[in-house]
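Trainee: This structure is in C-alpha cells; I'll ask about it shortly.
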Amino acid sequence: MIPEIGHFALVLALGVALIQAVVPMVGAQRGDLAWMNLARPASVALILCIGVAFAALTHSYIVSDFSVVNVALNSHTDKPMLYKISGVWGNHEGSLLLWILILAIFSVAVSLLGGNLPPALRARALSVQAMITTGFLLFILFTSNPFERFDPAPLDGRGLNPLLQDPGLAFHPPMLYLGYVGFSMAFSFAIAALIEGRVDAAWARWVRPWTLVAWVFLTFGIALGSWWAYYELGWGGYWYWDPVENASFIPWLAGTALLHSAIVAEKRDTLKSWTILLAIITFSLSLLGTFLVRSGVITSVHAFATDPTRGVFILVLLAITVVGSLGLFAWRAPQMKSGGVFAPVSREGTLLLNNVLLSTASATVLLGTLYPLFADALNLGKVSVGPPFFNAVFVPLMTPMLILMGIGPLLAWKRGDALGAVRRLWAALLGTAVVIVATWVMAGGSSVSAMAALGMGVGAWLLLATLVEWAERVRLFRDSPRGSLRRAATLPRAAYGMTVAHIGTALLVMGVVGNAAWKAESIQVMRPGETLAVGAYAMVFEGAESLAGPNYDAIRGRFRMVDDDGHTIAILTPEKRQYTSPPMATTEAAIRTTGAHDYYAVIGDPSPEEGVGAFVTRFYYEPFVPFLWYGALLMGLGGLVSLSDRRHRVGAPRRARAAAGAASRPAAEAPARA
Amino acid sequence: MTRKKRRLYFVSLGLLALGAATALMLGAMGDSLLYFYSPSDLAERPVAEGQRFRLGGLVEEGSVDKAGDTVRFVVTDMVNTVPVVYTGILPDLFREGQGVVTEGHLDAGGTFSAANVLAKHDETYMPKEVADSLKDSGYWQEGADGPPAGAPAAAQGAVRAYQ
C-alpha cells in the first residue's frame with residue numbers, strides 16, 4: 001500500500017510541477033500578480049508530494065519490503081540500518097528520486113527565502129525550475145519507476161554492492177546531487193533574466209548565494225568520493241581521471257568560474273552576458289554528467305545501470321535544455337546593456353583570466369572524457385584517454401591560474417597596479433623562493449625533484465600571497481596591533497571566505513604535487529615475523545586470521561608499525577572481505593596517518609607455497625594526502641563562511657529596492673560598497 | 001579602454017586560450033592515448049614490442065597461475081589468446097571466466113606484461129570493449145548481459161552501482 005501511495009504522490013507531483021511551470025510564467029508575461037504568486041504554494045505542494053514519495057521508498061527500504069523490485073534488487077535483511085537507508089539512493093531509480101527531491105528543495109527554498117525578490121523574476125525562476133522538475137518526473141515515471149512491484153515477492157533481497165556499504169559513500173551521492181542540482185537554481189535565474197531581458201548587479205547578488213551553496217556541496221561531494229576511492233578501493237589513489245569522476249569535475253570547474261564571474265557581475269555590473277552563459281553551461285554540464293553516469297555510454301571503472309532508453313531520455317532532456325537555453329541566449333543576450341569598462345590589469349581582468357582558464361580546463365577535460373566516444377563512432381579504433389593526457393593538459397592550464405590567484409585579490413577594481421601588487425607581495429615571493437630551494441635540496445636535487453619543488457612553490461606562493469592579502473586588509477604591522485585586530489573583526493565574511501578557500505586551494509595543490517612526487521609503493525610476499533621499511537617507519541607482519549562479520553567473512557592481517565628505535569607507532573589491521581549477498585570480495589585498507597603523511601597497508605591472497613602463513617602484502621607511503629582533505633575542507637568552509645556574509649541575508653532586500661528604483665543609474669556606485 | 005578595445009581584448013584572450021588548449025591537447029593525444037586490442041585484433045595487427053596499449057578479453061578458465069606476487073594468466077576472446085604476466089595484487093573481482101582489461105606492453109617473447117589490471121566496482125559489469133570484441137568473435141550471447149561462460153548467473157543484473 002505504501003509504495004502505491006509513493007507512486008501516486010509522484011504522479012500528483014507531475015501535475016503540480018506542470019502548474020508551477022506554466023501559470024507563474026504566463027502570469028509574469030501578463031503582469032498578473034496572483035498568477036505569479038501561485039508559484040509559492042505550488043512549490044510547497046511539490047515538495048510535499050515528492051517528500052511523500054521519497055519517504056515511501058525509504059519506508060520500503062527500512063522494513064525490507066521485497067515486493068518492491070527496487071528494494072529486492074538493492075537491499076537485504078542482514079544489512080545495517082544506515083546502509084538500508086543509503087540503499088535508497090544507491091541505485092538508479094532511487095538516486096533519480098533523490099535528484100528530484102533536491103530540485104524541489106531548491107525550488108521551495110527560493111520561494112520561502114526569496115521574499116525580497118522582484119515577483120516577476122521569482123515567478124519566472126520558479127517556473128523554469130518546475131520545467132526541469134517536470135522533465136525529470138517524466139523520466140522517472142516512464143523509464144525508472146522506483147515503486148514497481150514483484151509478484152510473487154522474493155524471500156530476501158540481493159543486497160547492495162558491498163563497496164558502497166561505507167559511511168563515506170552513504171553521503172557522497174546526496175552531497176554531489178545537492179551540488180549538481182544546485183546549479184539548476186543559477187540556471188533558472190539565468191533563463192528568467194534572459195526572458196526579462198534585464199540583468200543588473202542585484203540579479204548577480206541573488207544568484208551568487210545559490211551558486212555558492214551548490215558549489216560548496218559539489219566540492220564536499222567530490223572530496224567525499226575521492227576520499228572513498230582512496231581508502232575503499234585499496235589502490236592507494238585518490239583520483240583516476242575516470243569518466244565518472246570527470247563528470248562531476250567538469251561542472252565543478254565551470255561552477256568555480258561562474259562563482260567568480262558572478263562577483264564581477266555583482267560588484268562591477270559587467271561580464272553579465274558571460275555570467276548568464278556560464279550559468280547555462282554549468283547546469284548543462286551537470287546534466288551531461290548525469291547522462292554520462294546514467295547511460296553507460298562510456299567505459300569506466302565505475303559500474304552503471306546500462307539501459308539505452310534511459311540514456312536516450314536524458315539525452316533528449318539535455319538537448320532541449322542546451323538548445324533551448326542557448327537559443328534564448330543568442331536571441332536575448334545582444335539586447336543586454338554591458339556595464340563598466342576595465343583595464344586588462346585589474347581585479348576584473350584577473351577574474352576574467354581565471355574564468356577563461358577554468359572554462360578552457362573544463363572544456364579540455366570534457367573533450368578528453370568524450371574522445372573515446374567520438375573515436376569509436378568515427379571508427380578510429382577503441383582508445384582510452386587516461387591520466388597522462390589529463391595531467392599533460394590540465395597542469396599547464398591551472399599553473400598560471402594558481403599564480404594569478406595570488407596577485408588578483410591585491411589588484412584594485414577597474415584599473416590595477418601590477419607592479420605595486422608584486423611589490424607588496426615581496427614577502428610571499430621570498431617565501432616561495434625559500435620553499436622551492438629548500439624542497440629541491442631536501443628532495444635530493446635531481447631534475448625530477450626540481451619539478452616537484454616548483455609545484456610545491458606554486459602552492460606555497462598561493463598560500464603566502466593569500467596571507468599577505470589578508471595582512472594588507474587588516475594593515476598588519478602598519479597599524480597598531482589593536483587597530484589590526486579591529487580591522488580583522490570588521491572584515492566582511494565574504495573576504496574571509498575567499499581567504500579560507502584560497503588557502504584550501506593552496507593546501508590541495510601541495511597535496512597533489514607532494515603525493516605525485518614522493519609516493520612509494522611496494523608489493524611483496526611476507527611471512528609472519530618479517531619486516532619491511534616503508535617511508536620513515538618499518539612494518540612487521542604479525543600474521544593473519546579469519547573472522548566473521550555481520551554479512552561477510554574476512555581475512556584480517558596484522559601489521560605492527562615501528563619507528564627506528566623499535567617503538568610501536570600503530571597496529572594496522574587491513575582486511576580482505578568476502579560478502580555473501582551479493583557474493584563479492586572487497587579490500588579494506590588500513591591507514592595510519594601522521595597528519596601530513598599516510599601509511600597504507602593492504603592484505604592480499606594467502607601464498608602458502610612461500611611458507612606457512614605467508615601472504616601477499618602491499619604498502620603505500622602516501623605523503624601529503626591529508627593535505628588534500630584539509631584543502632577540500634577549507635575550500636568548502638570558505639564557501640560557507642562567504643555564504644554567512646550578512647550582505648546575503650540583510651543586504652539583499654535593501655539592495656533590491658535600490659536597484660529596482662534606480663536600474664538605469666550607472667553602476668559606478670556599486671564598488672563603493674565592495 | 002573603450003568598449004571596442006575591450007571586445008578585442010576578450011576575443012584575443014579567448015582565441016589564445018583556445019589555441020593553448022588545442023596545442024596542449026594535440027601534444028598530449030600523441031603519446032598518452034591508449035588503444036584497446038582484443039587477442040584477435042593483436043593477431044591481425046601486430047603491435048611493436050614495448051608499445052603501451054590495453055588488452056582485454058576473458059580470463060581463460062584454468063589459466064591463472066599465482067606464484068607469490070606474480071600472476072600468469074591467459075586472456076582470450078574464444079578465438080585467439082594472449083599470455084599475460086602481472087606482478088601485484090589482483091583486483092577483488094578478478095576471476096577465471098570473467099572479463100578483464102589489462103594495461104601494459106608486449107615483451108620479446110610475445111607475453112603481455114601488464115602494469116595494471118583494471119579494477120571494476122561491480123561483478124556484473126562487463127567492460128564495453130570486451131563485450132564488443134566478444135560480439136566480433138561471435139561468442140557473445142545476446143541478451144545474456146554477461147560473459148558467455150563462467151559468470152555466476154545469480155549475479156546477472158543484480159547489482160547496480162551508481163557513480
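Residue numbers start at 1 in each chain; chains themselves are named A, B, ... in the order of the C-alpha cells; ligands are numbered from 1 in the order shown.
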Can you pull out every residue within 12 Å of region 474-490 of chain A, counting only C-alpha atoms, but drop anything in the same chain fewer than 5 positions away, and send it as a ChimeraX atom specification?

Mentor: /A:424,467-469,495-496,645-646

Trainee: So that I have them on file, write out the residues from the current selection with N, CA and C atoms, as a JSON list (two decimals), in the first residue's frame.

Mentor:
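Final output, part24.json:
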```json
[["chain", "number", "residue", "atom", "x", "y", "z"],
["A", 424, "ARG", "N", 54.11, 44.62, -3.16],
["A", 424, "ARG", "CA", 53.51, 44.32, -1.86],
["A", 424, "ARG", "C", 53.63, 42.83, -1.52],
["A", 467, "LEU", "N", 47.85, 35.03, 2.43],
["A", 467, "LEU", "CA", 48.06, 35.56, 3.78],
["A", 467, "LEU", "C", 48.49, 37.03, 3.72],
["A", 468, "VAL", "N", 49.34, 37.37, 2.73],
["A", 468, "VAL", "CA", 49.77, 38.76, 2.58],
["A", 468, "VAL", "C", 48.54, 39.65, 2.29],
["A", 469, "GLU", "N", 47.67, 39.13, 1.43],
["A", 469, "GLU", "CA", 46.48, 39.91, 1.08],
["A", 469, "GLU", "C", 45.64, 40.20, 2.33],
["A", 495, "ALA", "N", 35.13, 38.28, 2.53],
["A", 495, "ALA", "CA", 36.59, 38.39, 2.38],
["A", 495, "ALA", "C", 37.27, 37.22, 3.06],
["A", 496, "TYR", "N", 36.79, 36.87, 4.28],
["A", 496, "TYR", "CA", 37.35, 35.72, 4.97],
["A", 496, "TYR", "C", 37.10, 34.44, 4.17],
["A", 645, "ASP", "N", 27.93, 35.75, 5.02],
["A", 645, "ASP", "CA", 28.08, 37.20, 4.96],
["A", 645, "ASP", "C", 26.72, 37.86, 5.10],
["A", 646, "ARG", "N", 26.65, 38.84, 5.98],
["A", 646, "ARG", "CA", 25.34, 39.44, 6.27],
["A", 646, "ARG", "C", 24.71, 40.07, 5.04]]
```

Trainee: Fewer than 2 positions away in the same chain doesn't count, so skip those; otherwise give me all residues within 8 Å of region 234-242 of chain A, counting only C-alpha atoms, as a PDB file with N, CA and C atoms, in the first residue's frame.

Mentor:
```pdb
ATOM      1  N   SER A 226      36.309  11.116  -3.595  1.00  0.00           N
ATOM      2  CA  SER A 226      37.740  10.899  -3.758  1.00  0.00           C
ATOM      3  C   SER A 226      38.320  10.192  -2.542  1.00  0.00           C
ATOM      4  N   TRP A 227      37.873  10.626  -1.363  1.00  0.00           N
ATOM      5  CA  TRP A 227      38.304  10.031  -0.103  1.00  0.00           C
ATOM      6  C   TRP A 227      37.896   8.563  -0.057  1.00  0.00           C
ATOM      7  N   ALA A 229      37.280   6.570  -2.642  1.00  0.00           N
ATOM      8  CA  ALA A 229      38.082   5.801  -3.594  1.00  0.00           C
ATOM      9  C   ALA A 229      39.458   5.512  -2.991  1.00  0.00           C
ATOM     10  N   TYR A 230      39.968   6.483  -2.238  1.00  0.00           N
ATOM     11  CA  TYR A 230      41.301   6.355  -1.655  1.00  0.00           C
ATOM     12  C   TYR A 230      41.358   5.230  -0.628  1.00  0.00           C
ATOM     13  N   TYR A 231      40.412   5.213   0.313  1.00  0.00           N
ATOM     14  CA  TYR A 231      40.554   4.206   1.352  1.00  0.00           C
ATOM     15  C   TYR A 231      39.811   2.914   1.070  1.00  0.00           C
ATOM     16  N   GLU A 232      38.820   2.970   0.179  1.00  0.00           N
ATOM     17  CA  GLU A 232      37.986   1.787  -0.005  1.00  0.00           C
ATOM     18  C   GLU A 232      38.453   0.875  -1.142  1.00  0.00           C
ATOM     19  N   VAL A 244      33.579   9.001 -14.820  1.00  0.00           N
ATOM     20  CA  VAL A 244      32.549   9.365 -13.849  1.00  0.00           C
ATOM     21  C   VAL A 244      33.058  10.430 -12.879  1.00  0.00           C
ATOM     22  N   GLU A 245      34.338  10.361 -12.561  1.00  0.00           N
ATOM     23  CA  GLU A 245      34.914  11.424 -11.736  1.00  0.00           C
ATOM     24  C   GLU A 245      34.898  12.735 -12.517  1.00  0.00           C
ATOM     25  N   ASN A 246      35.293  12.631 -13.790  1.00  0.00           N
ATOM     26  CA  ASN A 246      35.300  13.833 -14.630  1.00  0.00           C
ATOM     27  C   ASN A 246      33.901  14.427 -14.753  1.00  0.00           C
ATOM     28  N   SER A 300      34.018   2.858 -17.764  1.00  0.00           N
ATOM     29  CA  SER A 300      34.567   3.484 -16.575  1.00  0.00           C
ATOM     30  C   SER A 300      34.860   2.395 -15.568  1.00  0.00           C
ATOM     31  N   VAL A 301      35.715   2.698 -14.620  1.00  0.00           N
ATOM     32  CA  VAL A 301      35.912   1.720 -13.545  1.00  0.00           C
ATOM     33  C   VAL A 301      34.676   1.656 -12.663  1.00  0.00           C
ATOM     34  N   GLY A 386      43.686   8.405 -20.667  1.00  0.00           N
ATOM     35  CA  GLY A 386      43.963   8.171 -19.253  1.00  0.00           C
ATOM     36  C   GLY A 386      44.616   9.357 -18.567  1.00  0.00           C
ATOM     37  N   PRO A 387      45.043   9.143 -17.335  1.00  0.00           N
ATOM     38  CA  PRO A 387      45.652  10.217 -16.551  1.00  0.00           C
ATOM     39  C   PRO A 387      46.777  10.982 -17.270  1.00  0.00           C
ATOM     40  N   PHE A 390      45.257  13.860 -19.218  1.00  0.00           N
ATOM     41  CA  PHE A 390      44.661  14.918 -18.405  1.00  0.00           C
ATOM     42  C   PHE A 390      45.737  15.700 -17.652  1.00  0.00           C
ATOM     43  N   THR A 587      38.398  -5.111  -0.535  1.00  0.00           N
ATOM     44  CA  THR A 587      39.639  -4.890   0.183  1.00  0.00           C
ATOM     45  C   THR A 587      39.438  -3.735   1.141  1.00  0.00           C
ATOM     46  N   GLU A 588      39.719  -3.970   2.420  1.00  0.00           N
ATOM     47  CA  GLU A 588      39.637  -2.880   3.389  1.00  0.00           C
ATOM     48  C   GLU A 588      41.061  -2.511   3.775  1.00  0.00           C
ATOM     49  N   ALA A 589      41.521  -1.391   3.269  1.00  0.00           N
ATOM     50  CA  ALA A 589      42.879  -0.972   3.580  1.00  0.00           C
ATOM     51  C   ALA A 589      42.942  -0.468   5.014  1.00  0.00           C
ATOM     52  N   TYR A 600      49.767   3.162   4.462  1.00  0.00           N
ATOM     53  CA  TYR A 600      48.595   2.495   3.924  1.00  0.00           C
ATOM     54  C   TYR A 600      48.948   1.032   3.710  1.00  0.00           C
ATOM     55  N   VAL A 602      47.658  -3.062   2.800  1.00  0.00           N
ATOM     56  CA  VAL A 602      46.625  -3.903   2.209  1.00  0.00           C
ATOM     57  C   VAL A 602      47.066  -5.344   2.339  1.00  0.00           C
ATOM     58  N   TYR A 620      51.672   1.310   0.868  1.00  0.00           N
ATOM     59  CA  TYR A 620      51.855   2.588   0.189  1.00  0.00           C
ATOM     60  C   TYR A 620      52.322   3.589   1.217  1.00  0.00           C
ATOM     61  N   GLU A 622      52.095   7.321   1.474  1.00  0.00           N
ATOM     62  CA  GLU A 622      51.293   8.347   0.793  1.00  0.00           C
ATOM     63  C   GLU A 622      51.545   9.722   1.407  1.00  0.00           C
TER      64      GLU A 622
END
```

Trainee: In Å, with one decimal, what is the gap from CA of Val207 (chain A) to CA of Leu277 (chain A)?

Mentor: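 Going from CA of Val207 (chain A) over to CA of Leu277 (chain A) covers 13.2 Å.
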
Trainee: For region 82-86 of chain B, list every protein, DNA or RNA residue within 8 Å, evaluated using only C-alpha atoms, and leave out those in the same chain fewer than 6 positions away; present the list as a compact mmCIF listing (two decimals) with N, CA and C atoms, in the first residue's frame.

Mentor:
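Dumped everything to selection_20.txt:
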```txt
# COMPACT_ATOMS: atom_id res chain seq x y z
N PRO B 39 42.55 -10.06 -28.24
CA PRO B 39 43.56 -11.01 -28.76
C PRO B 39 43.48 -11.17 -30.28
N THR B 70 53.54 -12.72 -8.23
CA THR B 70 53.49 -12.71 -9.70
C THR B 70 52.39 -13.64 -10.18
N VAL B 71 51.56 -13.14 -11.07
CA VAL B 71 50.44 -13.92 -11.57
C VAL B 71 50.57 -14.07 -13.08
N ARG B 72 50.38 -15.29 -13.57
CA ARG B 72 50.30 -15.51 -15.02
C ARG B 72 48.90 -15.97 -15.35
N PHE B 73 48.34 -15.43 -16.41
CA PHE B 73 47.04 -15.92 -16.87
C PHE B 73 46.94 -15.68 -18.37
N VAL B 74 45.87 -16.19 -18.97
CA VAL B 74 45.71 -16.07 -20.40
C VAL B 74 44.43 -15.30 -20.68
N VAL B 75 44.54 -14.29 -21.56
CA VAL B 75 43.37 -13.54 -21.97
C VAL B 75 42.90 -14.08 -23.31
N THR B 76 41.61 -14.36 -23.40
CA THR B 76 41.08 -14.97 -24.62
C THR B 76 39.83 -14.24 -25.09
N GLY B 110 56.54 -12.29 -26.66
CA GLY B 110 55.14 -12.23 -27.04
C GLY B 110 54.20 -12.33 -25.85
N THR B 111 54.74 -12.26 -24.64
CA THR B 111 53.90 -12.23 -23.45
C THR B 111 53.54 -10.79 -23.15
N PHE B 112 52.29 -10.57 -22.75
CA PHE B 112 51.86 -9.22 -22.41
C PHE B 112 52.22 -8.95 -20.96
N SER B 113 53.06 -7.98 -20.76
CA SER B 113 53.47 -7.64 -19.40
C SER B 113 52.58 -6.52 -18.90
N ALA B 114 51.69 -6.84 -17.98
CA ALA B 114 50.68 -5.87 -17.54
C ALA B 114 51.19 -5.03 -16.37
N ALA B 115 51.05 -3.74 -16.50
CA ALA B 115 51.40 -2.85 -15.41
C ALA B 115 50.17 -2.63 -14.53
N ASN B 116 49.00 -2.76 -15.14
CA ASN B 116 47.74 -2.53 -14.44
C ASN B 116 46.73 -3.59 -14.85
N VAL B 117 46.03 -4.11 -13.89
CA VAL B 117 44.84 -4.90 -14.20
C VAL B 117 43.70 -4.07 -13.65
```

Trainee: Find the residues near Thr143 (chain A): any atom within 12 Å, counting only C-alpha atoms, skip ones fewer than 4 places away on the same chain, and give them as a PyMOL selection string.

Mentor: chain A and resi 92-93+96+135-139+147-148+307-314

Trainee: Using backbone DSSP assignments, extract all strand (DSSP E) residues from region 514-552 of chain A; output them as a ChimeraX atom specification.

Mentor: /A:520-526,531-534,537-548,552

Trainee: Suppose we keep N, CA and C atoms; can you now write the selection as a compact mmCIF listing (two decimals), in the first residue's frame?

Mentor:
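Contents of selection_36.txt, as written:
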```txt
# COMPACT_ATOMS: atom_id res chain seq x y z
N ALA A 520 55.33 6.21 -2.58
CA ALA A 520 56.09 4.98 -2.80
C ALA A 520 55.19 3.79 -2.55
N GLU A 521 55.40 2.73 -3.33
CA GLU A 521 54.54 1.56 -3.28
C GLU A 521 55.42 0.32 -3.24
N SER A 522 55.02 -0.67 -2.47
CA SER A 522 55.78 -1.93 -2.53
C SER A 522 54.83 -3.11 -2.38
N ILE A 523 55.04 -4.11 -3.21
CA ILE A 523 54.22 -5.33 -3.19
C ILE A 523 55.16 -6.49 -2.98
N GLN A 524 54.82 -7.38 -2.06
CA GLN A 524 55.71 -8.50 -1.79
C GLN A 524 54.95 -9.59 -1.04
N VAL A 525 55.58 -10.76 -0.97
CA VAL A 525 55.05 -11.84 -0.14
C VAL A 525 55.75 -11.74 1.20
N MET A 526 54.99 -11.78 2.30
CA MET A 526 55.60 -11.70 3.63
C MET A 526 55.19 -12.90 4.47
N THR A 531 59.87 -8.13 8.31
CA THR A 531 59.80 -6.67 8.45
C THR A 531 60.15 -6.01 7.13
N LEU A 532 59.50 -4.88 6.85
CA LEU A 532 59.78 -4.14 5.63
C LEU A 532 59.76 -2.65 5.93
N ALA A 533 60.74 -1.92 5.38
CA ALA A 533 60.79 -0.47 5.60
C ALA A 533 59.81 0.22 4.67
N VAL A 534 58.97 1.11 5.23
CA VAL A 534 58.03 1.90 4.43
C VAL A 534 58.11 3.34 4.92
N TYR A 537 59.13 4.56 8.58
CA TYR A 537 58.89 3.51 9.57
C TYR A 537 59.13 2.13 8.98
N ALA A 538 58.93 1.11 9.81
CA ALA A 538 59.03 -0.27 9.35
C ALA A 538 57.73 -0.99 9.68
N MET A 539 57.33 -1.91 8.81
CA MET A 539 56.12 -2.70 9.03
C MET A 539 56.52 -4.13 9.37
N VAL A 540 56.02 -4.62 10.52
CA VAL A 540 56.27 -6.01 10.91
C VAL A 540 54.98 -6.78 10.70
N PHE A 541 55.06 -7.82 9.88
CA PHE A 541 53.87 -8.65 9.63
C PHE A 541 53.72 -9.63 10.78
N GLU A 542 52.58 -9.58 11.45
CA GLU A 542 52.38 -10.47 12.61
C GLU A 542 51.41 -11.59 12.31
N GLY A 543 51.06 -11.75 11.04
CA GLY A 543 50.18 -12.86 10.68
C GLY A 543 48.78 -12.40 10.34
N ALA A 544 47.97 -13.34 9.92
CA ALA A 544 46.60 -13.03 9.54
C ALA A 544 45.65 -14.05 10.11
N GLU A 545 44.41 -13.63 10.35
CA GLU A 545 43.41 -14.53 10.94
C GLU A 545 42.09 -14.39 10.21
N SER A 546 41.24 -15.40 10.36
CA SER A 546 39.92 -15.34 9.76
C SER A 546 38.92 -14.82 10.78
N LEU A 547 37.94 -14.11 10.32
CA LEU A 547 36.88 -13.68 11.22
C LEU A 547 35.58 -13.51 10.44
N ALA A 548 34.47 -13.46 11.17
CA ALA A 548 33.17 -13.35 10.51
C ALA A 548 32.51 -12.04 10.90
N TYR A 552 29.56 -10.73 6.06
CA TYR A 552 30.74 -11.12 5.28
C TYR A 552 31.69 -11.97 6.12
```

Trainee: For Gly255 (chain A), list every protein, DNA or RNA residue within 9 Å, evaluated using only C-alpha atoms, and leave out those in the same chain fewer than 5 positions away; present the list as an NGL selection string.

Mentor: :A and (183 or 211-212 or 214-215 or 250 or 260 or 278-279 or 281-283)

Trainee: I need the chosen residues saved as an mmCIF file, in the first residue's frame, with C-alpha atoms.

Mentor:
```cif
data_model
loop_
_atom_site.group_PDB
_atom_site.id
_atom_site.type_symbol
_atom_site.label_atom_id
_atom_site.label_comp_id
_atom_site.auth_asym_id
_atom_site.auth_seq_id
_atom_site.Cartn_x
_atom_site.Cartn_y
_atom_site.Cartn_z
ATOM 1 C CA PHE A 183 23.359 24.782 -10.254
ATOM 2 C CA THR A 211 25.715 29.208 -6.831
ATOM 3 C CA LEU A 212 27.831 29.239 -3.699
ATOM 4 C CA ALA A 214 25.755 24.396 -4.979
ATOM 5 C CA TRP A 215 29.494 24.842 -5.281
ATOM 6 C CA ILE A 250 33.681 19.342 -15.305
ATOM 7 C CA HIS A 260 33.922 34.270 -9.757
ATOM 8 C CA LEU A 278 28.299 30.267 -17.664
ATOM 9 C CA ALA A 279 25.197 29.585 -15.576
ATOM 10 C CA ILE A 281 26.803 25.918 -19.360
ATOM 11 C CA THR A 282 27.379 24.837 -15.768
ATOM 12 C CA PHE A 283 23.929 23.322 -15.405
#
```

Trainee: May I have all residues of region 55-280 of chain A that DSSP, computed from the backbone, assigns to alpha helix (DSSP H), given as a PyMOL selection string?

Mentor: chain A and resi 55-62+69-74+81-86+92-113+119-143+167-196+201-232+243-268+272-280

Trainee: At a cut-off of 8 Å, using only C-alpha atoms, what residues contact Met456 (chain A)? Leave out same-chain residues fewer than 4 positions from it and give the result as an MDAnalysis selection string.

Mentor: chainID A and resid 435:436 439 452 460 509:510 513:514

Trainee: Save out the residues we just selected, C-alpha atoms, as a tab-separated table (two decimals), in the first residue's frame.

Mentor:
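Generated file (again20.tsv):
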```tsv
chain	number	residue	atom	x	y	z
A	435	VAL	CA	60.26	26.80	-0.28
A	436	ILE	CA	61.40	25.94	-3.82
A	439	THR	CA	62.28	21.39	-1.25
A	452	ALA	CA	58.21	18.81	-7.55
A	460	ALA	CA	53.42	27.99	-1.23
A	509	VAL	CA	47.94	21.89	-4.68
A	510	MET	CA	50.69	20.95	-2.23
A	513	VAL	CA	52.23	17.75	-6.01
A	514	GLY	CA	53.80	16.22	-2.91
```

Trainee: List the neighbours of Asn515 (chain A) out to 7 Å using only C-alpha atoms; skip same-chain residues closer than 5 positions along the sequence, and give me the result as a list in words.

Mentor: Glu622, Pro623, Phe624 and Val625 of chain A

Trainee: Interatomic distance between CA of Arg556 (chain A) and CA of Lys576 (chain A)?

Mentor: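 We find that CA of Arg556 (chain A) and CA of Lys576 (chain A) lie 6.6 Å from each other.
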
Trainee: May I ask which of the residues B:Gly30, B:Gly109, B:Gly88, B:Gly19 is the closest one to chain A, counting only C-alpha atoms?

Mentor: B:Gly88

Trainee: When distances are computed from only C-alpha atoms, which of B:Lys4, B:His105, B:Arg95, B:Lys66 shows the smallest separation from Tyr37 (chain B)?

Mentor: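 Using only C-alpha atoms, Tyr37 (chain B) sits closest to B:His105.
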
Trainee: Nearest to Leu373 (chain A) among A:Val395, A:Asp598, A:Leu292, A:Ile19, with distances taken over only C-alpha atoms: which residue is it?

Mentor: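 Smallest separation from Leu373 (chain A) among the options: A:Leu292.
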
Trainee: What is the CA of Pro167 (chain A)-CA of Val69 (chain A) distance in Å, reported with one decimal?

Mentor: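 CA of Val69 (chain A) lies at a distance of 24.5 Å from CA of Pro167 (chain A).
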
Trainee: With distances taken over only C-alpha atoms, which of B:Pro46, B:Pro91, B:Gly62, B:Gly57 is nearest to chain A?

Mentor: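 That would be B:Pro91, the residue with the smallest distance to chain A.
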